[in-house]
Each structure stands twice: as C-alpha cells, then as structure tokens.
Amino acid sequence: MPKVLISDKMDPKAAQIFRERGIQVDEITGKTKEELIAIIGDYDGLAIRSSTKVTKDVLAAAKNLKVVGRAGIGVDNVDIPAASAAGVVVMNTPFGNSITTAEHAIALMFALARDLPAADASTQAGKWEKNRFMGVEVTSKTLGLIGAGNIGSIVADRALGLKMKVIAYDPFLTPERALELGIEKVTLDDLLARADFITLHTPLTDSTRNILSRENIAKTKKGVRIINCARGGLVDEAALKEALDSGHVAGAALDVFVEEPAKVSPLFGTPNFISTPHLGASTSEAQVNVAIQVAEQMADFLVSGGVTNALNMPSLSAEEAPKLKPYMALAEGLGSLVGQLVGDDVKAVAIEVEGAAAELNQKPITGAVLAGLMRVYSDTVNMVNAPFLAKERGLDVREVRHDREGDYHTLVRVTVRTSAGEKSVAGTLFANSEPRLVEIFGIKVEADLAGTMLYVVNEDAPGFIGRLGTALGEAGVNIGTFHLGRRAAGGEAVLLLSVDSPVTEPVLWDVCRLPGVKTVKPLTF
Ligand SMILES: NC(=O)c1ccc[n+]([C@@H]2O[C@H](COP(=O)([O-])OP(=O)(O)OC[C@H]3O[C@@H](n4cnc5c(N)ncnc54)[C@H](O)[C@@H]3O)[C@@H](O)[C@H]2O)c1
Ligand SMILES: O=C(O)[C@H](O)COP(=O)(O)O
C-alpha cells in the first residue's frame with residue numbers, strides 16, 4: 001500500500017481521498033528540515049503547500065519518494081531539477097486557487113484605495129478621524145498588470161467590471177488573447193508610466209526577479225499604488241519603503257515577501273503600507289479545490305500511473321495509463337535489451353511506433369525506452385529522470401510515428417546509433433497486453449523479455465542447440481524457454497534462452513568455447 005505524507009496544513013478532503021483510494025496517509029505538519037529528512041524515507045508521496053521546502057537534501061533522504069504534489073500553484077519551494085534527477089514527479093494544481101488569489105488582489109486594491117486597515121484601526125481606537133481618510137475611486141483608473149496568465153486575466157476581468165482601464169505587460173501575451181480579455185498589451189515602461197495601480201501576477205524567475213526594482217519604481221506615475229499577491233522578490237522591498245516614505249508611491253500592499261514567514265520588515269509600520277501573511281490562496285473554497293485536486297492527481301499516479309499537471313514529465317490521463325502500461329513494459333524491455341547488448345556506446349536513439357501504438361501518447365513510451373536503455377549507467381533511472389539523463393549525456397532522441405500498418409497490429413521499434421553503426425530491436429503486444437520481442441538486430445525472433453536470459457549469436461549449424469543444452473545442463477542451469485531466429489539457413493543465428501538461475505562466468509566461458517559461437521551475453525529484465 002503506497003504511503004503519503006501531508007506536511008503542510010491542508011483541507012481534510014485530501015486525507016479522505018487518499019484513504020478512499022487505498023493509500024495510507026500521515027498528516028505531520030510544522031516539521032523542521034531535519035525532522036522531515038528523518039521521516040521522509042518512509043513515503044511514496046509528499047503533499048505540500050508553500051511551507052515545506054523540498055530541497056536536494058530532503059530528496060536525497062526520500063529513498064521511496066515517487067511524487068511531490070503541491071496543493072497550489074507556485075513550486076518555488078521545490079527543487080525541481082533535483083526532483084527530476086531523483087526520478088520524482090512534481091505536480092501542482094494550476095487553477096484551484098486562481099479566483100481566490102485574484103479576489104485577494106482586488107481586495108487589496110480597494111484596501112489601498114480607501115486606506116481601510118488604518119481607518120479601521122483608528123476608528124476602533126475611538127478616534128473617529130473622518131477628515132484624515134480621503135480615498136480615491138478605482139472607476140476610470142488604469143490598472144497595470146505585470147503578468148496576464150491565469151490569475152492576471154481573472155484580475156483583469158474583475159477590474160473591467162469595476163470600469164477600470166486595464167493594461168498589461170506580459171511578453172507571452174498574444175495580441176489575440178489581449179483582445180479577447182479586453183485589455184491593452186503594453187511595454188513595461190509604458191505600464192510604469194501610465195498605471196494608477198500596479199498588480200503583479202508572474203512567477204519568480206530570473207526575468208521577473210526585482211521587476212519592480214528601484215529604477216523601475218522611479219519610472220512609475222507619482223501616486224501609484226502597488227499590489228503583490230504573486231511572489232516575494234518581484235518588488236525591491238527596500239526601494240519600495242523609500243518610495244512610500246517619499247510619497248512617490250501612494251500605497252503598497254504585499255501578500256508575499258522575500259523572506260517568509262516575514263516576522264520583521266522595514267516596511268512594517270510604514271504609513272500606507274498593508275500586508276497579509278501569504279493569504280492569497282486562503283479561502284475555504286480554494287483550499288477544498290486544491291486539496292481535492294492534489295490528492296486525486298497523486299492517487300492517480302500512485303495507483304494507476306496517471307500523470308496530470310506534472311512539471312517535469314508529460315501528462316498521461318488515468319484512462320490512458322492502463323492502455324499504455326503494457327507498452328511501457330514493452331518499451332522498457334526493448335530499451336533494456338539494447339542497453340545491455342550495446343553498453344554505453346549509444347550516440348542517438350530513435351523510437352518508432354506503428355499500428356495501434358501510433359495512436360497513443362508517445363512520450364511515456366519514449367520515457368520507458370530511455371529508462372530501460374540507461375539502466376546500464378544508473379540503477380535509479382526511471383521514466384521521470386530518463387529524459388533528463390539522456391539530455392545530460394547528449395543523447396539525440398528522435399520519436400517517429402508511422403501511420404502505416406506493418407506485419408504486426410502494433411509495433412515499437414528502438415534503433416540506436418553506435419560507433420559500429422545502427423542497431424535495431426522491435427516488439428509487439430500479444431493479446432494487447434503481453435510484451436513480445438519480434439526482431440533483434442535484423443533477425444526475426446519471438447521472445448518474452450523477462451527474468452534472467454542468455455543471448456547467444458552463433459553460426460547456424462546442425463547439433464549446436466544440443467551442445468548448448470548439454471553445456472548448460474551440465475552446469476545445472478535449467479532452460480525455461482528457448483527462442484531461435486536466423487538470417488538464413490546456415491547463416492547467423494540468434495538464441496534467446498530464459499534460464500532459471502544466473503549463468504556464472506565459468507559457464508559463460510564454456511558456452512563461448514562451443515564451436516560457431518560469436519557472442520554470448522547474460523541479460524536481466
Ligand atoms: N499569494 C498567493 O497565495 C498566491 C496564490 C496563487 C498563486 N500565486 C502566485 O501567483 C503567480 C501567478 O500565478 P498564475 O497562476 O497566474 O501563473 P500563470 O503561469 O498562469 O501566469 C504567469 C504569467 O506571467 C507571465 N510572465 C512570465 N514571465 C514574465 C515576465 N518576465 N514579465 C511579465 N510577465 C511574465 C507569463 O507569461 C504568464 O502569463 C505565481 O507566482 C503563483 O505562484 C500566489
Ligand atoms: O502559489 C500558490 O498557490 C500560493 O502561493 C499559495 O500558497 P499556500 O498554499 O501556501 O497558501
């Protein structure tokens with residue numbers, strides 16, 4: 001039974017779903033990094049929000065971990081390259097809290113426009129300072145969006161409903177999408193010069209870090225109000241403090257900070273500054289959404305291999321997963337066969353699919369071939385890290401889909417380019433479920449790829465099979481299945497035997513010395 005750890009506060013629906021799907025779940029929140037490292041080795045899945053930091057060290061200790069599920073959007077608390085290298089799938093829930101976060105940005109915009117927190121504090125202090133608080137309307141004002149993705153476009157929609165003019169800086173926003181949203185796509189400088197309110201909705205990346213830098217804050221319109229419900233680090237906090245003090249910026253509201261939890265900040269106590277403790281996603285609706293979604297996604301993956309919203313692997317629906325399962329076994333077997341036979345002398349690999357296989361999602365098949373192929377380099381390789389390892393090794397990977405139907409109703413072919421030329425193996429599925437090798441290096445042969453096997457290439461000659469059987473029999477090696485293929489009578493022949501026990505080095509030498517033997521290689525699947 002797979003085991004999942006929920007390490008951040010999450011709606012109880014998540015644990016309920018894990019249990020309903022036959023997954024054991026522990027909810028242990030508030031752990032330090034060291035405490036997490038001490039327990040993470042027991043778990044197949046880790047469900048988090050933004051507090052748990054899934055670092056290299058945590059991943060190194062997570063020997064059984066297969067999936068990290070983020071109940072939310074931002075995954076900057078997960079070391080994705082390290083997770084990929086460790087073969088751990090990282091998934092998030094990209095839409096479950098978008099409306100809630102957009103609403104928080106709008107709430108902060110109104111709070112700034114009318115100085116609500118200060119007015120509330122003053123009134124509750126018995127001051128009744130009616131003349132102190134003079135707000136501004138948002139109607140007809142220009143709202144500048146930095147980032148117009150899921151959340152930014154919901155903010156735009158709400159702002160248009162408030163009769164604001166919305167302009168957006170987002171290099172990936174197409175003119176068609178801007179038109180559809182009813183907003184104007186502008187340059188960053190244009191936005192800074194024109195916006196009465198600026199709201200940020202980008203991830204934190206090298207291109208967005210400090211996007212509201214000291215220099216850019218200086219380019220804003222005097223009296224601008226700034227809202228950040230996206231990520232700490234998008235705004236230069238020290239420069240913002242100075243701009244608030246000088247009155248150039250009329251107000252700022254931050255839900256997110258460079259350092260979180262933000263227990264101290266030079267911004268705290270600054271007039272016209274509002275803060276919330278990373279509450280963008282904190283509504284009961286959003287938390288139920290993301291908890292259900294993350295638990296369903298993680299359970300699909302752990303129970304049936306379905307992959308949704310993964311950041312380091314292609315998607316695979318829960319319906320596709322069972323159909324692809326036998327193909328992945330076939331693909332991994334073919335990759336492993338080639339890997340064991342040609343070793344690390346592989347420069348390029350082509351994965352061809354035809355017949356029924358050509359109608360499927362090819363990415364998981366490719367991932368499985370690469371995992372099998374690269375198991376000769378690393379026994380921790382799997383479908384998640386195999387494409388990254390292949391890239392790292394400079395392996396040229398090509399996927400080919402043939403519409404034609406050949407001799408088999410479905411076929412997967414793996415061709416590798418080595419310094420000795422191209423070598424190819426192919427396999428099919430019997431009864432749509434049983435992987436079967438049908439061709440090896442140009443020779444037709446029918447064999448299962450399972451357990452311990454022996455690969456022998458010899459000159460086709462009478463009596464050879466008897467001599468081989470005797471050599472193995474005398475060494476106490478029992479033959480399970482026996483598969484023979486040859487190029488032509490009297491030409492090169494291939495034998496694939498499944499054996500009940502590993503073939504030791506001295507026995508391999510005995511087989512090698514049989515007349516006509518060209519190659520002998522033990523294989524394990
Ligand atoms: N405060 C919270 O609790 C909370 C809740 C949810 C999401 N978030 C954060 O909000 C942010 C936005 O989330 P989303 O779901 O809208 O993401 P998204 O991926 O849908 O949209 C991000 C947008 O930013 C744009 N972008 C990327 N680089 C840019 C650049 N250099 N300049 C301008 N635009 C750029 C992208 O093109 C994209 O349209 C994320 O950082 C997410 O983590 C915060
Ligand atoms: O990226 C997100 O989804 C938000 O930052 C929400 O974070 P939280 O789950 O910690 O509230």
# chains A, B, ... in the order shown; residues from 1 in each chain; ligands from 1

call {"tool": "residues_near_ligand", "arguments": {"ligand": "ligand 2", "cutoff": "10 Å", "atoms": "only C-alpha atoms and all ligand atoms", "output": "PyMOL selection string"}}
result
chain A and resi 8-10+48-52+70-77+92-98+100-101+203+229-232+255-256+277-283+286-287+290-291

call {"tool": "residues_around", "arguments": {"residues": "region 367-375 of chain A", "least_positions_apart": "3", "cutoff": "7 Å", "atoms": "only C-alpha atoms", "output": "count of residues only"}}
result
18

call {"tool": "select_by_dssp", "arguments": {"residues": "region 318-395 of chain A", "states": "strand (DSSP E or B)", "output": "NGL selection string"}}
result
:A and (348-355)

call {"tool": "residues_around", "arguments": {"residues": "Ala61 (chain A)", "least_positions_apart": "5", "cutoff": "7 Å", "atoms": "only C-alpha atoms", "output": "MDAnalysis selection string"}}
result
chainID A and resid 37 40:41

call {"tool": "write_last_selection", "arguments": {"atoms": "N, CA and C atoms", "output": "mmCIF file, in the first residue's frame"}}
result
data_model
loop_
_atom_site.group_PDB
_atom_site.id
_atom_site.type_symbol
_atom_site.label_atom_id
_atom_site.label_comp_id
_atom_site.auth_asym_id
_atom_site.auth_seq_id
_atom_site.Cartn_x
_atom_site.Cartn_y
_atom_site.Cartn_z
ATOM 1 N N ILE A 37 13.632 15.244 7.011
ATOM 2 C CA ILE A 37 14.631 14.310 6.468
ATOM 3 C C ILE A 37 14.588 12.975 7.228
ATOM 4 N N ILE A 40 11.110 11.185 5.898
ATOM 5 C CA ILE A 40 10.637 11.175 4.509
ATOM 6 C C ILE A 40 10.910 9.848 3.788
ATOM 7 N N GLY A 41 11.922 9.114 4.267
ATOM 8 C CA GLY A 41 12.292 7.849 3.623
ATOM 9 C C GLY A 41 11.168 6.826 3.584
#

call {"tool": "select_by_dssp", "arguments": {"residues": "region 199-375 of chain A", "states": "helix (DSSP H, G or I)", "output": "number ranges by chain"}}
result
A: 214-218, 237-246, 284-304, 320-342, 356-359, 362-374

call {"tool": "write_last_selection", "arguments": {"atoms": "C-alpha atoms", "output": "mmCIF file, in the first residue's frame"}}
result
data_model
loop_
_atom_site.group_PDB
_atom_site.id
_atom_site.type_symbol
_atom_site.label_atom_id
_atom_site.label_comp_id
_atom_site.auth_asym_id
_atom_site.auth_seq_id
_atom_site.Cartn_x
_atom_site.Cartn_y
_atom_site.Cartn_z
ATOM 1 C CA ARG A 214 14.425 50.867 -7.600
ATOM 2 C CA GLU A 215 14.912 52.068 -11.178
ATOM 3 C CA ASN A 216 11.502 50.833 -12.324
ATOM 4 C CA ILE A 217 9.710 52.163 -9.244
ATOM 5 C CA ALA A 218 11.211 55.559 -10.118
ATOM 6 C CA GLU A 237 11.334 45.906 -0.707
ATOM 7 C CA ALA A 238 13.946 48.497 0.364
ATOM 8 C CA ALA A 239 13.248 50.678 -2.686
ATOM 9 C CA LEU A 240 9.513 50.365 -2.071
ATOM 10 C CA LYS A 241 9.960 51.548 1.515
ATOM 11 C CA GLU A 242 11.858 54.642 0.307
ATOM 12 C CA ALA A 243 9.243 55.372 -2.367
ATOM 13 C CA LEU A 244 6.454 55.101 0.222
ATOM 14 C CA ASP A 245 8.353 57.373 2.614
ATOM 15 C CA SER A 246 8.948 59.961 -0.099
ATOM 16 C CA SER A 284 -12.237 27.644 2.151
ATOM 17 C CA GLU A 285 -13.278 27.224 -1.499
ATOM 18 C CA ALA A 286 -9.747 27.376 -2.868
ATOM 19 C CA GLN A 287 -8.345 25.101 -0.169
ATOM 20 C CA VAL A 288 -11.014 22.482 -0.822
ATOM 21 C CA ASN A 289 -10.309 22.742 -4.583
ATOM 22 C CA VAL A 290 -6.556 22.322 -4.310
ATOM 23 C CA ALA A 291 -6.758 19.605 -1.641
ATOM 24 C CA ILE A 292 -9.149 17.504 -3.725
ATOM 25 C CA GLN A 293 -7.181 18.086 -6.891
ATOM 26 C CA VAL A 294 -3.760 17.315 -5.471
ATOM 27 C CA ALA A 295 -4.972 14.168 -3.715
ATOM 28 C CA GLU A 296 -6.752 12.900 -6.858
ATOM 29 C CA GLN A 297 -3.692 13.593 -9.007
ATOM 30 C CA MET A 298 -1.263 11.949 -6.590
ATOM 31 C CA ALA A 299 -3.572 8.952 -6.085
ATOM 32 C CA ASP A 300 -3.970 8.531 -9.870
ATOM 33 C CA PHE A 301 -0.212 8.460 -10.180
ATOM 34 C CA LEU A 302 0.487 6.141 -7.253
ATOM 35 C CA VAL A 303 -2.368 3.767 -8.006
ATOM 36 C CA SER A 304 -2.594 3.683 -11.802
ATOM 37 C CA GLU A 320 -4.575 6.361 -21.000
ATOM 38 C CA ALA A 321 -2.409 4.901 -18.226
ATOM 39 C CA PRO A 322 -3.850 1.332 -18.272
ATOM 40 C CA LYS A 323 -3.672 1.240 -22.105
ATOM 41 C CA LEU A 324 -0.084 2.422 -22.045
ATOM 42 C CA LYS A 325 1.040 0.162 -19.212
ATOM 43 C CA PRO A 326 1.851 -2.913 -21.365
ATOM 44 C CA TYR A 327 3.524 -0.622 -23.930
ATOM 45 C CA MET A 328 5.692 0.864 -21.243
ATOM 46 C CA ALA A 329 6.723 -2.632 -20.148
ATOM 47 C CA LEU A 330 7.495 -3.481 -23.790
ATOM 48 C CA ALA A 331 9.353 -0.199 -24.348
ATOM 49 C CA GLU A 332 11.392 -0.573 -21.181
ATOM 50 C CA GLY A 333 12.223 -4.180 -22.125
ATOM 51 C CA LEU A 334 13.373 -3.139 -25.612
ATOM 52 C CA GLY A 335 15.426 -0.252 -24.217
ATOM 53 C CA SER A 336 16.966 -2.515 -21.614
ATOM 54 C CA LEU A 337 17.770 -5.198 -24.217
ATOM 55 C CA VAL A 338 19.601 -2.680 -26.402
ATOM 56 C CA GLY A 339 21.311 -1.101 -23.406
ATOM 57 C CA GLN A 340 22.593 -4.466 -22.182
ATOM 58 C CA LEU A 341 23.757 -5.510 -25.640
ATOM 59 C CA VAL A 342 25.471 -2.322 -26.819
ATOM 60 C CA ALA A 356 -2.133 0.676 -32.683
ATOM 61 C CA ALA A 357 0.925 2.095 -30.887
ATOM 62 C CA ALA A 358 0.899 5.087 -33.239
ATOM 63 C CA GLU A 359 -2.489 6.133 -31.849
ATOM 64 C CA GLN A 362 4.245 8.507 -27.439
ATOM 65 C CA LYS A 363 6.028 10.435 -24.666
ATOM 66 C CA PRO A 364 5.586 7.759 -21.959
ATOM 67 C CA ILE A 365 6.776 5.099 -24.440
ATOM 68 C CA THR A 366 9.873 7.194 -25.134
ATOM 69 C CA GLY A 367 10.435 7.733 -21.396
ATOM 70 C CA ALA A 368 10.221 3.976 -20.789
ATOM 71 C CA VAL A 369 12.648 3.147 -23.654
ATOM 72 C CA LEU A 370 15.145 5.681 -22.284
ATOM 73 C CA ALA A 371 14.743 4.347 -18.745
ATOM 74 C CA GLY A 372 15.475 0.809 -19.946
ATOM 75 C CA LEU A 373 18.347 1.936 -22.144
ATOM 76 C CA MET A 374 20.056 3.967 -19.462
#

call {"tool": "residues_around", "arguments": {"residues": "Pro502 (chain A)", "least_positions_apart": "3", "cutoff": "12 Å", "atoms": "only C-alpha atoms", "output": "JSON, numbers by chain"}}
result
{"A": [451, 452, 453, 454, 472, 475, 476, 477, 478, 479, 497, 498, 499, 505, 506, 507, 508, 521, 522, 523, 524, 525]}
